[in-house]
Amino acid sequence: MTESTQLITALDAAHERIEALAKQQSAGMPLPELLAAGIAEAQAMLRIMLENEHKPYASDADLLELWKTLVKGKPHWNTIRDNCRELIYYQNCLKAERQDALPAQPERMVIHTLRHIFLYLRSHAEQNQEG
């Protein structure tokens, strides 16, 4: 299996996990649990990309640290910056007990944000496979 095929396979597995989370969200998974799982999934996707690009990262790096490592020397990764920051914003709102600062449907937005990150990473992997 080539490295690009492994990358796409790993990302597709992440997509399956996101869709499983979407089902749990639809079934009423509480926002704190959904968000924790969503951030963990976003971190996993960034780790997949970091490993593919052979960039070292700290094993305990949080989502934004992973993104900062990924973007170094590759400004196209700025495309997902706001998505990563959005997930952390939701987390910070919950920690500060400021649910009033969240969007109208934060549970749906968590899934939407994860799907956006996945789609960007997957399309990038596909483009690199072709070129």
# chains A, B, ... in the order shown; residues from 1 in each chain; ligands from 1

$ closest_atom_pairs --of "segment 6-54 of chain A" --to "segment 67-84 of chain A" --cutoff "8 Å" --atoms "only C-alpha atoms" --output "CSV"
residue,atom,partner,partner_atom,distance
A:Ala42,CA,A:Cys84,CA,7.6
A:Leu46,CA,A:Trp67,CA,6.8
A:Met49,CA,A:Leu70,CA,7.6
A:Leu50,CA,A:Leu70,CA,6.0

$ residues_around --residues "Arg17 of chain A" --least-positions-apart "5" --cutoff "10 Å" --atoms "only C-alpha atoms" --output "mmCIF file with N, CA and C atoms, in the first residue's frame"
data_model
loop_
_atom_site.group_PDB
_atom_site.id
_atom_site.type_symbol
_atom_site.label_atom_id
_atom_site.label_comp_id
_atom_site.auth_asym_id
_atom_site.auth_seq_id
_atom_site.Cartn_x
_atom_site.Cartn_y
_atom_site.Cartn_z
ATOM 1 N N LEU A 11 -7.791 8.702 6.582
ATOM 2 C CA LEU A 11 -8.773 9.788 6.603
ATOM 3 C C LEU A 11 -10.193 9.250 6.440
ATOM 4 N N ASP A 12 -10.357 8.249 5.609
ATOM 5 C CA ASP A 12 -11.684 7.652 5.440
ATOM 6 C C ASP A 12 -12.160 7.005 6.740
ATOM 7 N N ALA A 22 -21.998 11.802 14.436
ATOM 8 C CA ALA A 22 -23.190 12.497 13.959
ATOM 9 C C ALA A 22 -24.455 11.740 14.363
ATOM 10 N N LYS A 23 -24.397 10.429 14.287
ATOM 11 C CA LYS A 23 -25.544 9.616 14.718
ATOM 12 C C LYS A 23 -25.767 9.762 16.219
ATOM 13 N N ALA A 37 -15.294 14.437 22.199
ATOM 14 C CA ALA A 37 -15.044 13.435 21.157
ATOM 15 C C ALA A 37 -14.675 14.113 19.838
ATOM 16 N N GLY A 38 -15.327 15.228 19.538
ATOM 17 C CA GLY A 38 -15.036 15.957 18.300
ATOM 18 C C GLY A 38 -13.631 16.531 18.279
ATOM 19 N N GLU A 41 -11.232 13.800 17.736
ATOM 20 C CA GLU A 41 -11.219 13.371 16.333
ATOM 21 C C GLU A 41 -10.471 14.371 15.455
#

$ residues_around --residues "Met109 of chain A" --least-positions-apart "4" --cutoff "10 Å" --atoms "only C-alpha atoms" --output "mmCIF file with C-alpha atoms, in the first residue's frame"
data_model
loop_
_atom_site.group_PDB
_atom_site.id
_atom_site.type_symbol
_atom_site.label_atom_id
_atom_site.label_comp_id
_atom_site.auth_asym_id
_atom_site.auth_seq_id
_atom_site.Cartn_x
_atom_site.Cartn_y
_atom_site.Cartn_z
ATOM 1 C CA LEU A 35 -17.327 18.266 21.881
ATOM 2 C CA GLU A 86 -14.132 27.167 16.614
ATOM 3 C CA LEU A 87 -13.988 23.834 18.423
ATOM 4 C CA TYR A 90 -16.960 25.983 22.164
ATOM 5 C CA LEU A 102 -22.517 29.379 21.780
ATOM 6 C CA PRO A 103 -24.248 29.308 18.382
ATOM 7 C CA ALA A 104 -27.930 28.348 18.213
ATOM 8 C CA GLN A 105 -27.225 24.649 17.536
ATOM 9 C CA THR A 113 -16.939 21.705 11.632
ATOM 10 C CA LEU A 114 -15.466 18.204 11.798
ATOM 11 C CA ARG A 115 -16.827 17.423 8.345
#

$ select_by_dssp --residues "chain A" --states "helix (DSSP H, G or I)" --output "PDB file with C-alpha atoms, in the first residue's frame"
ATOM      1  CA  GLU A   3       1.842   6.211   1.445  1.00  0.00           C
ATOM      2  CA  SER A   4      -0.897   8.252  -0.279  1.00  0.00           C
ATOM      3  CA  THR A   5      -3.261   5.261  -0.232  1.00  0.00           C
ATOM      4  CA  GLN A   6      -2.560   4.787   3.481  1.00  0.00           C
ATOM      5  CA  LEU A   7      -3.283   8.473   4.062  1.00  0.00           C
ATOM      6  CA  ILE A   8      -6.617   8.313   2.273  1.00  0.00           C
ATOM      7  CA  THR A   9      -7.527   5.098   4.097  1.00  0.00           C
ATOM      8  CA  ALA A  10      -6.718   6.711   7.463  1.00  0.00           C
ATOM      9  CA  LEU A  11      -8.773   9.788   6.603  1.00  0.00           C
ATOM     10  CA  ASP A  12     -11.684   7.652   5.440  1.00  0.00           C
ATOM     11  CA  ALA A  13     -11.611   5.858   8.800  1.00  0.00           C
ATOM     12  CA  ALA A  14     -11.777   9.269  10.486  1.00  0.00           C
ATOM     13  CA  HIS A  15     -14.789  10.103   8.319  1.00  0.00           C
ATOM     14  CA  GLU A  16     -16.533   6.952   9.503  1.00  0.00           C
ATOM     15  CA  ARG A  17     -15.913   7.984  13.108  1.00  0.00           C
ATOM     16  CA  ILE A  18     -17.285  11.466  12.403  1.00  0.00           C
ATOM     17  CA  GLU A  19     -20.434   9.980  10.898  1.00  0.00           C
ATOM     18  CA  ALA A  20     -20.808   7.717  13.952  1.00  0.00           C
ATOM     19  CA  LEU A  21     -20.535  10.837  16.122  1.00  0.00           C
ATOM     20  CA  ALA A  22     -23.190  12.497  13.959  1.00  0.00           C
ATOM     21  CA  LYS A  23     -25.544   9.616  14.718  1.00  0.00           C
ATOM     22  CA  GLN A  24     -24.818   9.953  18.421  1.00  0.00           C
ATOM     23  CA  GLN A  25     -25.418  13.699  18.172  1.00  0.00           C
ATOM     24  CA  SER A  26     -28.781  13.071  16.498  1.00  0.00           C
ATOM     25  CA  LEU A  31     -22.677  18.724  24.064  1.00  0.00           C
ATOM     26  CA  PRO A  32     -19.736  18.323  26.504  1.00  0.00           C
ATOM     27  CA  GLU A  33     -19.272  14.677  25.506  1.00  0.00           C
ATOM     28  CA  LEU A  34     -19.790  15.403  21.815  1.00  0.00           C
ATOM     29  CA  LEU A  35     -17.327  18.266  21.881  1.00  0.00           C
ATOM     30  CA  ALA A  36     -14.659  16.235  23.698  1.00  0.00           C
ATOM     31  CA  ALA A  37     -15.044  13.435  21.157  1.00  0.00           C
ATOM     32  CA  GLY A  38     -15.036  15.957  18.300  1.00  0.00           C
ATOM     33  CA  ILE A  39     -11.855  17.661  19.465  1.00  0.00           C
ATOM     34  CA  ALA A  40     -10.202  14.266  19.891  1.00  0.00           C
ATOM     35  CA  GLU A  41     -11.219  13.371  16.333  1.00  0.00           C
ATOM     36  CA  ALA A  42      -9.906  16.664  14.953  1.00  0.00           C
ATOM     37  CA  GLN A  43      -6.617  16.034  16.769  1.00  0.00           C
ATOM     38  CA  ALA A  44      -6.461  12.534  15.304  1.00  0.00           C
ATOM     39  CA  MET A  45      -6.952  13.902  11.779  1.00  0.00           C
ATOM     40  CA  LEU A  46      -4.196  16.482  12.236  1.00  0.00           C
ATOM     41  CA  ARG A  47      -1.875  13.795  13.609  1.00  0.00           C
ATOM     42  CA  ILE A  48      -2.571  11.729  10.477  1.00  0.00           C
ATOM     43  CA  MET A  49      -1.501  14.674   8.330  1.00  0.00           C
ATOM     44  CA  LEU A  50       1.543  15.445  10.480  1.00  0.00           C
ATOM     45  CA  GLU A  51       2.722  11.860  10.236  1.00  0.00           C
ATOM     46  CA  ASN A  52       2.140  11.899   6.492  1.00  0.00           C
ATOM     47  CA  LEU A  63      -5.551  20.842  18.782  1.00  0.00           C
ATOM     48  CA  LEU A  64      -4.139  24.308  18.156  1.00  0.00           C
ATOM     49  CA  GLU A  65      -0.564  23.182  18.826  1.00  0.00           C
ATOM     50  CA  LEU A  66      -1.026  20.406  16.279  1.00  0.00           C
ATOM     51  CA  TRP A  67      -2.386  22.896  13.759  1.00  0.00           C
ATOM     52  CA  LYS A  68       0.546  25.287  14.385  1.00  0.00           C
ATOM     53  CA  THR A  69       2.991  22.456  13.730  1.00  0.00           C
ATOM     54  CA  LEU A  70       1.143  21.455  10.569  1.00  0.00           C
ATOM     55  CA  VAL A  71       0.965  24.983   9.133  1.00  0.00           C
ATOM     56  CA  PRO A  75       0.327  28.146   4.554  1.00  0.00           C
ATOM     57  CA  HIS A  76      -2.490  26.288   2.770  1.00  0.00           C
ATOM     58  CA  TRP A  77      -3.287  24.696   6.163  1.00  0.00           C
ATOM     59  CA  ASN A  78      -4.543  28.122   7.282  1.00  0.00           C
ATOM     60  CA  THR A  79      -7.779  27.044   5.591  1.00  0.00           C
ATOM     61  CA  ILE A  80      -8.694  24.908   8.615  1.00  0.00           C
ATOM     62  CA  ARG A  81      -7.416  27.303  11.292  1.00  0.00           C
ATOM     63  CA  ASP A  82     -10.805  28.817  12.039  1.00  0.00           C
ATOM     64  CA  ASN A  83     -12.406  25.376  12.217  1.00  0.00           C
ATOM     65  CA  CYS A  84      -9.905  24.283  14.848  1.00  0.00           C
ATOM     66  CA  ARG A  85     -10.357  27.537  16.724  1.00  0.00           C
ATOM     67  CA  GLU A  86     -14.132  27.167  16.614  1.00  0.00           C
ATOM     68  CA  LEU A  87     -13.988  23.834  18.423  1.00  0.00           C
ATOM     69  CA  ILE A  88     -11.721  25.313  21.096  1.00  0.00           C
ATOM     70  CA  TYR A  89     -14.046  28.314  21.414  1.00  0.00           C
ATOM     71  CA  TYR A  90     -16.960  25.983  22.164  1.00  0.00           C
ATOM     72  CA  GLN A  91     -14.826  24.193  24.740  1.00  0.00           C
ATOM     73  CA  ASN A  92     -13.886  27.489  26.377  1.00  0.00           C
ATOM     74  CA  CYS A  93     -17.534  28.594  26.468  1.00  0.00           C
ATOM     75  CA  LEU A  94     -18.474  25.398  28.287  1.00  0.00           C
ATOM     76  CA  LYS A  95     -15.592  25.723  30.753  1.00  0.00           C
ATOM     77  CA  GLN A  99     -23.516  28.502  26.962  1.00  0.00           C
ATOM     78  CA  ASP A 100     -25.219  31.773  25.975  1.00  0.00           C
ATOM     79  CA  ALA A 101     -22.136  32.563  23.839  1.00  0.00           C
ATOM     80  CA  PRO A 106     -23.717  23.957  18.819  1.00  0.00           C
ATOM     81  CA  GLU A 107     -24.092  20.171  18.596  1.00  0.00           C
ATOM     82  CA  ARG A 108     -24.806  20.366  14.879  1.00  0.00           C
ATOM     83  CA  MET A 109     -21.994  22.878  14.401  1.00  0.00           C
ATOM     84  CA  VAL A 110     -19.472  20.505  15.996  1.00  0.00           C
ATOM     85  CA  ILE A 111     -20.320  17.869  13.383  1.00  0.00           C
ATOM     86  CA  HIS A 112     -20.373  20.431  10.578  1.00  0.00           C
ATOM     87  CA  THR A 113     -16.939  21.705  11.632  1.00  0.00           C
ATOM     88  CA  LEU A 114     -15.466  18.204  11.798  1.00  0.00           C
ATOM     89  CA  ARG A 115     -16.827  17.423   8.345  1.00  0.00           C
ATOM     90  CA  HIS A 116     -15.263  20.590   6.970  1.00  0.00           C
ATOM     91  CA  ILE A 117     -11.850  19.700   8.404  1.00  0.00           C
ATOM     92  CA  PHE A 118     -12.153  16.170   7.010  1.00  0.00           C
ATOM     93  CA  LEU A 119     -13.200  17.368   3.536  1.00  0.00           C
ATOM     94  CA  TYR A 120     -10.288  19.768   3.289  1.00  0.00           C
ATOM     95  CA  LEU A 121      -7.768  17.154   4.425  1.00  0.00           C
ATOM     96  CA  ARG A 122      -9.251  14.494   2.141  1.00  0.00           C
ATOM     97  CA  SER A 123      -9.285  16.759  -0.920  1.00  0.00           C
ATOM     98  CA  HIS A 124      -5.688  17.774  -0.200  1.00  0.00           C
ATOM     99  CA  ALA A 125      -4.701  14.099   0.008  1.00  0.00           C
ATOM    100  CA  GLU A 126      -6.481  13.365  -3.269  1.00  0.00           C
ATOM    101  CA  GLN A 127      -4.786  16.267  -5.052  1.00  0.00           C
ATOM    102  CA  ASN A 128      -1.374  15.124  -3.849  1.00  0.00           C
ATOM    103  CA  GLN A 129      -2.127  11.579  -5.000  1.00  0.00           C
ATOM    104  CA  GLU A 130      -2.921  12.826  -8.509  1.00  0.00           C
TER     105      GLU A 130
END
